[in-house]
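Novice: Data file target_37.txt (compact mmCIF, C-alpha atoms) is appended below.
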# COMPACT_ATOMS: atom_id res chain seq x y z
CA MET A 121 44.30 -43.25 19.06
CA ALA A 122 47.64 -43.69 17.37
CA LEU A 123 46.08 -42.79 14.03
CA LEU A 124 44.45 -39.68 15.52
CA SER A 125 47.76 -38.60 17.03
CA ALA A 126 49.44 -39.01 13.67
CA LEU A 127 46.80 -36.93 11.87
CA THR A 128 46.71 -34.10 14.41
CA PRO A 129 49.70 -32.15 12.98
CA VAL A 130 48.15 -32.38 9.51
CA LEU A 131 44.76 -31.10 10.71
CA VAL A 132 46.42 -28.24 12.57
CA ALA A 133 48.37 -27.28 9.45
CA VAL A 134 45.23 -27.29 7.27
CA LEU A 135 43.36 -25.20 9.84
CA CYS A 136 46.18 -22.67 10.01
CA LEU A 137 46.24 -22.43 6.21
CA VAL A 138 42.47 -21.77 6.03
CA ILE A 139 42.68 -19.08 8.74
CA GLY A 140 45.60 -17.45 6.94
CA LEU A 141 43.75 -17.32 3.61
CA MET A 142 40.69 -15.79 5.30
CA PHE A 143 42.89 -13.13 6.93
CA VAL A 144 44.57 -12.21 3.63
CA LYS A 145 41.22 -11.97 1.84
CA SER A 146 39.82 -9.77 4.60
CA LYS A 147 42.79 -7.40 4.45
CA SER A 148 42.51 -7.23 0.64
CA SER A 149 38.84 -6.25 0.89
CA GLU A 150 39.66 -3.54 3.41
CA VAL A 151 42.33 -2.08 1.14
CA LYS A 152 39.95 -2.01 -1.83
CA ALA A 153 37.27 -0.35 0.27
CA GLN A 154 39.73 2.31 1.41
CA GLU A 155 40.71 3.02 -2.19
CA LYS A 156 37.12 4.03 -3.11
CA PRO A 157 36.15 7.64 -2.41
CA LYS A 158 33.66 8.10 0.42
CA ASP A 159 31.02 9.40 -1.99
CA PHE A 160 31.41 6.43 -4.36
CA ARG A 161 28.22 5.58 -6.22
CA PRO A 162 27.50 3.10 -9.01
CA TRP A 163 27.15 4.67 -12.46
CA VAL A 164 23.38 4.13 -12.25
CA ASP A 165 21.03 3.78 -9.29
CA GLN A 166 20.74 0.12 -8.36
CA ASP A 167 16.95 0.14 -8.55
CA LEU A 168 17.12 1.41 -12.13
CA GLN A 169 19.40 -1.30 -13.48
CA ASP A 170 18.00 -3.62 -16.11
CA ASN A 171 19.39 -6.39 -18.26
CA THR A 172 21.40 -3.94 -20.32
CA ASP A 173 25.07 -4.81 -20.66
CA VAL A 174 26.83 -2.10 -18.67
CA ILE A 175 29.83 -0.67 -20.48
CA GLU A 176 32.70 -0.12 -18.09
CA ARG A 177 34.76 3.01 -18.51
CA ASP A 178 38.00 1.09 -18.94
CA ASP A 179 36.69 -1.03 -21.80
CA ASP A 180 39.16 -0.84 -24.69
CA ASP A 181 36.25 -0.74 -27.14
CA VAL A 182 34.65 2.30 -25.49
CA GLU A 183 35.56 5.83 -26.40
CA ASP A 184 34.39 9.10 -24.96
CA TYR A 185 32.98 10.95 -27.90
CA ASN A 186 31.53 14.41 -28.14
CA GLU A 187 30.65 15.78 -31.54
CA GLU A 188 30.65 19.31 -30.18
CA LYS A 189 33.21 19.85 -27.45
CA ASP A 190 31.99 23.43 -26.93
CA LEU A 191 28.25 22.98 -27.36
CA ALA A 192 26.57 26.33 -27.92
CA HIS A 193 23.60 27.32 -25.79
CA VAL A 194 20.80 29.27 -27.43
CA PRO A 195 17.92 31.29 -25.99
CA TYR A 196 14.78 29.36 -25.13
CA SER A 197 11.41 31.11 -24.82
CA PRO A 198 8.46 28.71 -25.07
CA PRO A 199 4.94 30.15 -25.07
CA ARG A 200 3.66 31.28 -21.69
CA TYR A 201 -0.10 31.09 -21.25
CA PRO A 202 -2.44 32.97 -18.92
CA VAL A 203 -3.50 30.87 -15.94
CA GLU A 204 -7.01 30.37 -17.32
CA ALA A 205 -5.57 29.11 -20.61
CA MET A 206 -3.17 26.77 -18.77
CA VAL A 207 -6.03 25.24 -16.80
CA LYS A 208 -8.11 24.82 -19.95
CA ARG A 209 -5.26 23.30 -21.94
CA SER A 210 -4.39 20.88 -19.12
CA GLN A 211 -8.03 19.81 -18.84
CA ASP A 212 -8.35 19.34 -22.60
CA PHE A 213 -5.19 17.27 -22.78
CA TYR A 214 -6.34 15.09 -19.89
CA SER A 215 -9.67 14.53 -21.63
CA LEU A 216 -7.86 13.50 -24.80
CA MET A 217 -5.51 11.11 -23.03
CA ASN A 218 -8.21 9.70 -20.77
CA GLN A 219 -9.84 8.34 -23.92
CA ARG A 220 -6.69 6.33 -24.68
CA ARG A 221 -7.34 2.61 -24.40
CA THR A 222 -5.51 -0.57 -25.25
CA VAL A 223 -7.26 -1.84 -28.38
CA ARG A 224 -6.76 -5.34 -29.76
CA PHE A 225 -9.28 -5.01 -32.58
CA ILE A 226 -7.60 -2.97 -35.29
CA SER A 227 -8.89 -2.09 -38.74
CA PRO A 228 -6.84 -3.02 -41.85
CA GLU A 229 -7.77 0.40 -43.30
CA PRO A 230 -4.65 2.13 -44.64
CA VAL A 231 -3.10 4.92 -42.58
CA PRO A 232 -1.09 7.68 -44.31
CA ARG A 233 2.63 6.97 -44.00
CA GLU A 234 3.27 10.66 -43.32
CA VAL A 235 1.16 10.44 -40.15
CA ILE A 236 3.24 7.52 -38.83
CA ASP A 237 6.46 9.36 -39.66
CA ASN A 238 5.25 12.48 -37.84
CA VAL A 239 4.22 10.46 -34.79
CA ILE A 240 7.65 8.80 -34.60
CA HIS A 241 9.35 12.14 -35.18
CA THR A 242 7.42 13.39 -32.14
CA ALA A 243 8.56 10.41 -30.05
CA GLY A 244 12.11 11.35 -30.95
CA THR A 245 11.74 14.62 -29.04
CA ALA A 246 11.98 12.71 -25.73
CA PRO A 247 14.79 13.50 -23.29
CA SER A 248 17.62 10.98 -23.03
CA GLY A 249 20.67 10.41 -20.86
CA ALA A 250 23.47 12.74 -22.06
CA HIS A 251 21.34 13.36 -25.18
CA THR A 252 22.35 10.02 -26.68
CA GLU A 253 18.87 9.40 -28.18
CA PRO A 254 19.20 5.60 -27.78
CA TRP A 255 16.14 4.53 -29.77
CA THR A 256 15.36 2.91 -33.09
CA PHE A 257 11.79 2.71 -34.42
CA VAL A 258 11.32 -0.03 -37.00
CA VAL A 259 8.09 0.43 -39.00
CA VAL A 260 6.81 -2.71 -40.71
CA SER A 261 4.05 -2.57 -43.33
CA ASP A 262 5.13 -5.47 -45.56
CA PRO A 263 2.46 -8.21 -45.14
CA GLU A 264 4.91 -11.13 -45.28
CA THR A 265 7.22 -9.59 -42.67
CA LYS A 266 4.24 -8.85 -40.43
CA HIS A 267 3.17 -12.48 -40.71
CA GLN A 268 6.66 -13.72 -39.86
CA ILE A 269 6.58 -11.49 -36.78
CA ARG A 270 3.22 -12.95 -35.81
CA LEU A 271 4.50 -16.51 -36.12
CA ILE A 272 7.49 -15.77 -33.88
CA VAL A 273 5.40 -13.94 -31.30
CA GLU A 274 2.61 -16.51 -31.13
CA GLU A 275 5.02 -19.43 -30.80
CA GLU A 276 6.75 -17.83 -27.82
CA GLU A 277 3.53 -16.46 -26.32
CA GLU A 278 1.94 -19.91 -26.25
CA VAL A 279 4.91 -21.17 -24.24
CA ASN A 280 4.62 -18.10 -22.00
CA TYR A 281 0.95 -18.74 -21.26
CA ARG A 282 1.33 -22.50 -20.83
CA GLN A 283 4.61 -22.63 -18.91
CA ARG A 284 6.58 -19.46 -18.14
CA MET A 285 4.01 -17.03 -16.77
CA GLY A 286 2.51 -19.20 -14.06
CA ASP A 287 -1.09 -19.70 -12.97
CA LYS A 288 -1.44 -16.39 -11.10
CA TRP A 289 -0.30 -14.27 -14.06
CA VAL A 290 -2.54 -16.16 -16.48
CA ASN A 291 -5.50 -15.87 -14.09
CA ASP A 292 -4.94 -12.13 -13.69
CA LEU A 293 -5.11 -11.76 -17.48
CA ALA A 294 -8.21 -13.92 -17.85
CA ARG A 295 -10.66 -11.06 -17.18
CA LEU A 296 -9.06 -9.12 -20.04
CA LYS A 297 -9.69 -12.08 -22.36
CA THR A 298 -6.16 -12.16 -23.73
CA ASN A 299 -4.27 -15.18 -25.03
CA TRP A 300 -1.37 -16.03 -27.31
CA ILE A 301 -3.34 -15.53 -30.52
CA LYS A 302 -2.30 -12.14 -31.98
CA GLU A 303 -4.40 -11.70 -35.10
CA TYR A 304 -3.85 -7.95 -35.02
CA LEU A 305 -0.20 -8.47 -35.97
CA ASP A 306 -1.39 -9.45 -39.45
CA VAL A 307 -4.30 -7.03 -39.61
CA ALA A 308 -2.84 -3.72 -38.42
CA PRO A 309 -1.48 -1.63 -41.31
CA TYR A 310 1.71 -0.94 -39.36
CA LEU A 311 3.78 -2.66 -36.71
CA VAL A 312 6.16 -0.34 -34.89
CA LEU A 313 8.96 -2.14 -33.06
CA ILE A 314 10.90 0.02 -30.63
CA PHE A 315 14.48 -1.02 -29.94
CA LYS A 316 16.72 0.41 -27.24
CA GLN A 317 20.33 0.93 -28.24
CA THR A 318 22.37 -0.44 -25.34
CA TYR A 319 25.35 1.47 -26.70
CA GLY A 320 26.13 3.56 -29.76
CA ILE A 321 28.54 2.79 -32.60
CA LEU A 322 30.95 5.59 -33.47
CA PRO A 323 32.35 6.22 -36.96
CA ASN A 324 35.59 4.52 -35.84
CA GLU A 325 33.58 1.39 -34.80
CA LYS A 326 34.17 1.98 -31.08
CA LYS A 327 31.30 1.95 -28.60
CA LYS A 328 29.64 5.03 -27.19
CA THR A 329 28.05 4.73 -23.75
CA HIS A 330 24.27 5.22 -23.72
CA TYR A 331 23.34 6.24 -20.20
CA TYR A 332 19.91 5.25 -18.85
CA ASN A 333 19.05 3.83 -22.25
CA GLU A 334 15.99 1.86 -21.13
CA ILE A 335 14.44 4.72 -19.16
CA SER A 336 15.09 7.11 -22.05
CA VAL A 337 13.37 4.81 -24.55
CA CYS A 338 10.45 4.24 -22.16
CA ILE A 339 9.88 8.01 -21.97
CA SER A 340 9.96 8.12 -25.77
CA CYS A 341 7.36 5.33 -25.91
CA GLY A 342 5.08 7.35 -23.63
CA ILE A 343 5.29 10.32 -25.97
CA LEU A 344 4.64 7.98 -28.91
CA LEU A 345 1.42 6.71 -27.29
CA ALA A 346 0.27 10.28 -26.70
CA ALA A 347 1.06 11.22 -30.31
CA LEU A 348 -0.94 8.24 -31.60
CA GLN A 349 -3.90 9.22 -29.44
CA ASN A 350 -3.64 12.77 -30.74
CA VAL A 351 -4.23 11.64 -34.35
CA GLY A 352 -6.99 9.13 -33.57
CA LEU A 353 -4.99 5.93 -33.94
CA VAL A 354 -4.96 3.00 -31.52
CA THR A 355 -2.50 0.36 -30.40
CA VAL A 356 -1.83 -2.30 -27.79
CA THR A 357 1.39 -2.00 -25.82
CA SER A 358 2.98 -5.38 -26.45
CA THR A 359 6.19 -6.52 -24.77
CA PRO A 360 6.66 -9.98 -26.35
CA LEU A 361 8.63 -12.11 -23.89
CA ASN A 362 11.56 -14.09 -25.31
CA CYS A 363 10.96 -12.84 -28.86
CA GLY A 364 13.58 -10.10 -28.97
CA PRO A 365 16.55 -12.00 -30.42
CA GLN A 366 14.49 -13.67 -33.16
CA LEU A 367 12.78 -10.42 -34.16
CA ARG A 368 16.09 -8.56 -34.13
CA LEU A 369 17.54 -11.09 -36.58
CA LEU A 370 14.41 -11.06 -38.74
CA LEU A 371 14.56 -7.29 -39.03
CA LYS A 372 18.35 -7.28 -39.49
CA ARG A 373 19.01 -5.02 -36.51
CA PRO A 374 22.54 -4.77 -35.05
CA ALA A 375 23.66 -6.51 -31.86
CA ASN A 376 23.58 -3.30 -29.79
CA GLU A 377 19.79 -3.06 -30.16
CA LYS A 378 17.33 -4.89 -27.90
CA LEU A 379 13.58 -5.03 -28.48
CA LEU A 380 11.65 -3.12 -25.86
CA MET A 381 8.13 -2.85 -27.25
CA LEU A 382 5.99 -3.87 -30.21
CA LEU A 383 3.02 -1.70 -31.22
CA PRO A 384 0.43 -2.66 -33.85
CA VAL A 385 -0.91 0.68 -35.10
CA GLY A 386 -4.05 1.60 -37.01
CA TYR A 387 -7.63 2.78 -36.75
CA PRO A 388 -9.90 0.89 -34.36
CA ALA A 389 -12.05 -1.76 -36.04
CA SER A 390 -15.69 -0.78 -36.51
CA ASP A 391 -16.74 -3.45 -33.99
CA ALA A 392 -13.86 -2.89 -31.56
CA THR A 393 -14.52 -3.37 -27.85
CA VAL A 394 -12.38 -2.76 -24.77
CA PRO A 395 -12.67 -3.92 -21.15
CA ASP A 396 -14.73 -1.58 -18.98
CA LEU A 397 -11.83 -0.58 -16.76
CA LYS A 398 -11.71 2.37 -14.35
CA ARG A 399 -8.65 4.45 -13.63
CA LYS A 400 -7.45 5.49 -10.20
CA HIS A 401 -8.70 8.77 -8.78
CA LEU A 402 -6.28 11.69 -8.66
CA ASP A 403 -6.08 11.45 -4.88
CA ASP A 404 -4.86 7.86 -5.22
CA ILE A 405 -1.89 8.70 -7.45
CA ARG A 406 -0.86 12.20 -6.32
CA VAL A 407 0.94 13.21 -3.15
CA HIS A 408 1.46 16.87 -2.21
CA ILE A 409 4.19 17.67 0.28
Please, can you express the file's structure as structure tokens?

Specialist:
Amino acid sequence: MALLSALTPVLVAVLCLVIGLMFVKSKSSEVKAQEKPKDFRPWVDQDLQDNTDVIERDDDDVEDYNEEKDLAHVPYSPPRYPVEAMVKRSQDFYSLMNQRRTVRFISPEPVPREVIDNVIHTAGTAPSGAHTEPWTFVVVSDPETKHQIRLIVEEEEEVNYRQRMGDKWVNDLARLKTNWIKEYLDVAPYLVLIFKQTYGILPNEKKKTHYYNEISVCISCGILLAALQNVGLVTVTSTPLNCGPQLRLLLKRPANEKLLMLLPVGYPASDATVPDLKRKHLDDIRVHI
């Protein structure tokens, strides 16, 4: 009892100190909350955030940069079609795109370089946040570089299938008969690696913010797939897990670029097959309000 009586003042002092610190922290949080405007929003919707390094506005390395402070606006008059022509064109384009399939059996037959350049040029017409155009398309046709890419991808993919992905993911892929062997990375005449630029580099070496860079590049990839389908080429949309840093170094890409997608591109092999998949009906994907 004597010991307890002796310790009581100490315990009371510690308790008072803890309560005081909690009160100060609470008041500090209230002050910070009051400093924010009522309509405060994060720079990007929370559900759209990815693993991109967000560049804060007060970063000393970041500079607001606008090549044309007074950007001119010019007239825009795209073709306007009669209703019957619009319906026909929309049906024809759907028919073309409905034939698009993921193809893992690609022919080594050469594809004209000009066609690949035109397809990528088309992908570059995609919209982007603040027109920053945050994409880089690396086209690989050198056989040795393609093989090095295959080695990196297969090494990581084997680990993915055996350890990282889990039984459910692997089982879901089983019906598609996929595995970590990526022979098409050697066979396809071209590999197109799409990198997102997490920020730009200005002439003065400062960083330029690239808003919504991942969404912008994803839109560009969609246009790229449509452009490939339009010229009769095939691909498989590959997002090689854990390969980005190694491939970036192999291809000598700068630190502001992150690999988003890898596409082997070519003609389908003469004996190519694809899974007999069905797409959702229009009523299952469209909502009219």

Novice: Tell me, in Å to one decimal, how far CA of Ser340 in chain A is from CA of Ala246 in chain A.

Specialist: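 Separating CA of Ser340 in chain A from CA of Ala246 in chain A is a distance of 5.0 Å.
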
Novice: Compile the contact shell of range 365-380 of chain A as a PyMOL selection string: residues with an atom at most 6 Å away, counting only C-alpha atoms, same-chain residues fewer than 6 positions apart removed.

Specialist: chain A and resi 314-319

Novice: From the options A:Ile405, A:Ala389, A:Ile321, A:Leu382, which residue's atoms come nearest to Phe225 in chain A, counting all atoms listed in the file?

Specialist: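 Under the stated criterion, the closest residue is A:Ala389.
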
Novice: What does the structure give for the distance between CA of Val223 in chain A and CA of Glu334 in chain A, in Å to one decimal?

Specialist: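 Distance reported for this atom pair: 24.6 Å.
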
Novice: Which distance in Å separates CA of Leu271 in chain A and CA of Ala347 in chain A, to one decimal?

Specialist: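 Result for CA of Leu271 in chain A versus CA of Ala347 in chain A: 28.5 Å, one decimal.
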
Novice: Could you name the residues that touch Thr355 in chain A at 6 Å or less, counting only C-alpha atoms, but leaving out those on the same chain fewer than 4 positions away, as a list in words?

Specialist: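 In the requested form, the answer reads Val223, Leu383, Pro384 and Val385 of chain A.
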
Novice: Let me see the file: selected residues, C-alpha atoms, as a tab-separated table (two decimals), in the coordinates of the input.

Specialist:
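Saved file part_5.tsv follows:
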chain	number	residue	atom	x	y	z
A	223	VAL	CA	-7.26	-1.84	-28.38
A	383	LEU	CA	3.02	-1.70	-31.22
A	384	PRO	CA	0.43	-2.66	-33.85
A	385	VAL	CA	-0.91	0.68	-35.10

Novice: Identify, on the basis of only C-alpha atoms, every residue whose closest approach to Gly244 in chain A does not exceed 10 Å; exclude the query and any residue fewer than 5 positions from it along the same chain; express the result as a PyMOL selection string.

Specialist: chain A and resi 238-239+253-257+337+339-341+343-344

Novice: Would you list the contacts of Leu311 in chain A as a VMD selection string, taking every protein, DNA or RNA residue within 12 Å and counting only C-alpha atoms, but skipping same-chain residues closer than 4 positions in sequence?

Specialist: chain A and resid 226 228 231 236 257 to 263 265 to 270 304 to 307 354 to 358 371 381 to 386

Novice: Met217 in chain A: which residues within 9 Å, counting only C-alpha atoms, same-chain residues fewer than 3 positions away excluded, as a ChimeraX atom specification?

Specialist: /A:212-214,220-221,346,349-350

Novice: For Pro230 in chain A, which residue out of A:Pro395, A:Val194, A:Ala308, A:Pro247 is the nearest one, using all atoms listed in the file?

Specialist: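 Among A:Pro395, A:Val194, A:Ala308, A:Pro247, it is A:Ala308 that comes nearest to Pro230 in chain A.
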
Novice: Find the residue from A:Leu191, A:Asp396, A:Pro323, A:Leu361 that sits nearest to Val273 in chain A; use all atoms listed in the file when measuring.

Specialist: A:Leu361
